[in-house]
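One structure below.
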Amino acid sequence: PAGVAATPSPLPVVPSAGAYNPQPLGNGYAVLVDFFSNPQVAAELWQILRTDIGLVSYGQRPYLLATSTREQNRANELLQTLSDRGFFATIVDSGNVILLDSTVQLD
């Protein structure tokens with residue numbers, strides 16, 4: 001009928017790599033950043049790292065992946081840098097982290 005707006009159907013969420021295929025990160029250390037559901041945090045993180053930012057699940061919560069490495073010193077240095085800049089970052093055993101998307105789309 002005239003004057004009645006159709007409700008748009010939601011767009012499907014499609015990961016950047018095509019098929020959704022979550023994978024464990026494997027052995028080593030993962031530096032995770034809590035983004036509190038604010039996508040702007042990924043852009044701010046990119047400004048510092050200048051590399052792709054991943055999206056992961058850890059403890060059934062989403063986090064941004066700053067890096068995954070086997071080198072504990074590298075993980076510690078990055079943790080210190082991010083903490084100094086006000087990010088809520090942590091180091092975890094990367095074997096407990098599930099990679100959801102290797103590259104977060106930045107606007």
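Residue numbering restarts at 1 in every chain; chains get A, B, ... in the order shown in the structure tokens, and ligands count up from 1 in that same order.
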Hey, what does DSSP flag as strand (DSSP E or B) within chain A? Can you give it to me as an MDAnalysis selection string? chainID A and resid 23:24 29:34 54:58 61:69 88:93 98:101
Selected residues written out with C-alpha atoms, as a CSV table (one decimal), in the first residue's frame:
chain,number,residue,atom,x,y,z
A,23,GLN,CA,41.0,-21.5,12.7
A,24,PRO,CA,43.1,-21.9,15.9
A,29,TYR,CA,51.9,-15.9,22.0
A,30,ALA,CA,49.0,-13.7,20.8
A,31,VAL,CA,48.8,-10.0,21.7
A,32,LEU,CA,45.1,-9.2,21.9
A,33,VAL,CA,43.4,-5.8,22.2
A,34,ASP,CA,40.0,-5.4,23.8
A,54,GLY,CA,42.9,-9.6,12.7
A,55,LEU,CA,39.7,-10.4,14.5
A,56,VAL,CA,39.9,-13.3,17.0
A,57,SER,CA,37.8,-15.1,19.6
A,58,TYR,CA,39.4,-15.8,23.1
A,61,ARG,CA,34.8,-12.9,23.4
A,62,PRO,CA,36.0,-10.9,20.4
A,63,TYR,CA,39.3,-9.2,20.4
A,64,LEU,CA,41.6,-7.5,17.8
A,65,LEU,CA,44.7,-9.4,17.1
A,66,ALA,CA,47.8,-7.1,17.2
A,67,THR,CA,50.2,-10.0,16.6
A,68,SER,CA,50.8,-13.7,16.9
A,69,THR,CA,54.5,-14.7,17.4
A,88,PHE,CA,43.7,-2.6,26.8
A,89,ALA,CA,46.1,-5.2,25.6
A,90,THR,CA,47.0,-8.7,26.9
A,91,ILE,CA,49.3,-11.6,26.0
A,92,VAL,CA,47.7,-15.0,25.9
A,93,ASP,CA,48.7,-18.5,24.7
A,98,ILE,CA,40.5,-18.7,17.3
A,99,LEU,CA,41.2,-16.6,14.2
A,100,LEU,CA,37.9,-15.3,12.8
A,101,ASP,CA,39.2,-13.0,10.2
Got a sec to tell me which of chain A DSSP assigns to alpha helix (DSSP H), as a PyMOL selection string? chain A and resi 40-49+72-84
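From atom CA of Phe36 of chain A back to atom CA of Asn96 of chain A, the distance works out to 20.0 Å.
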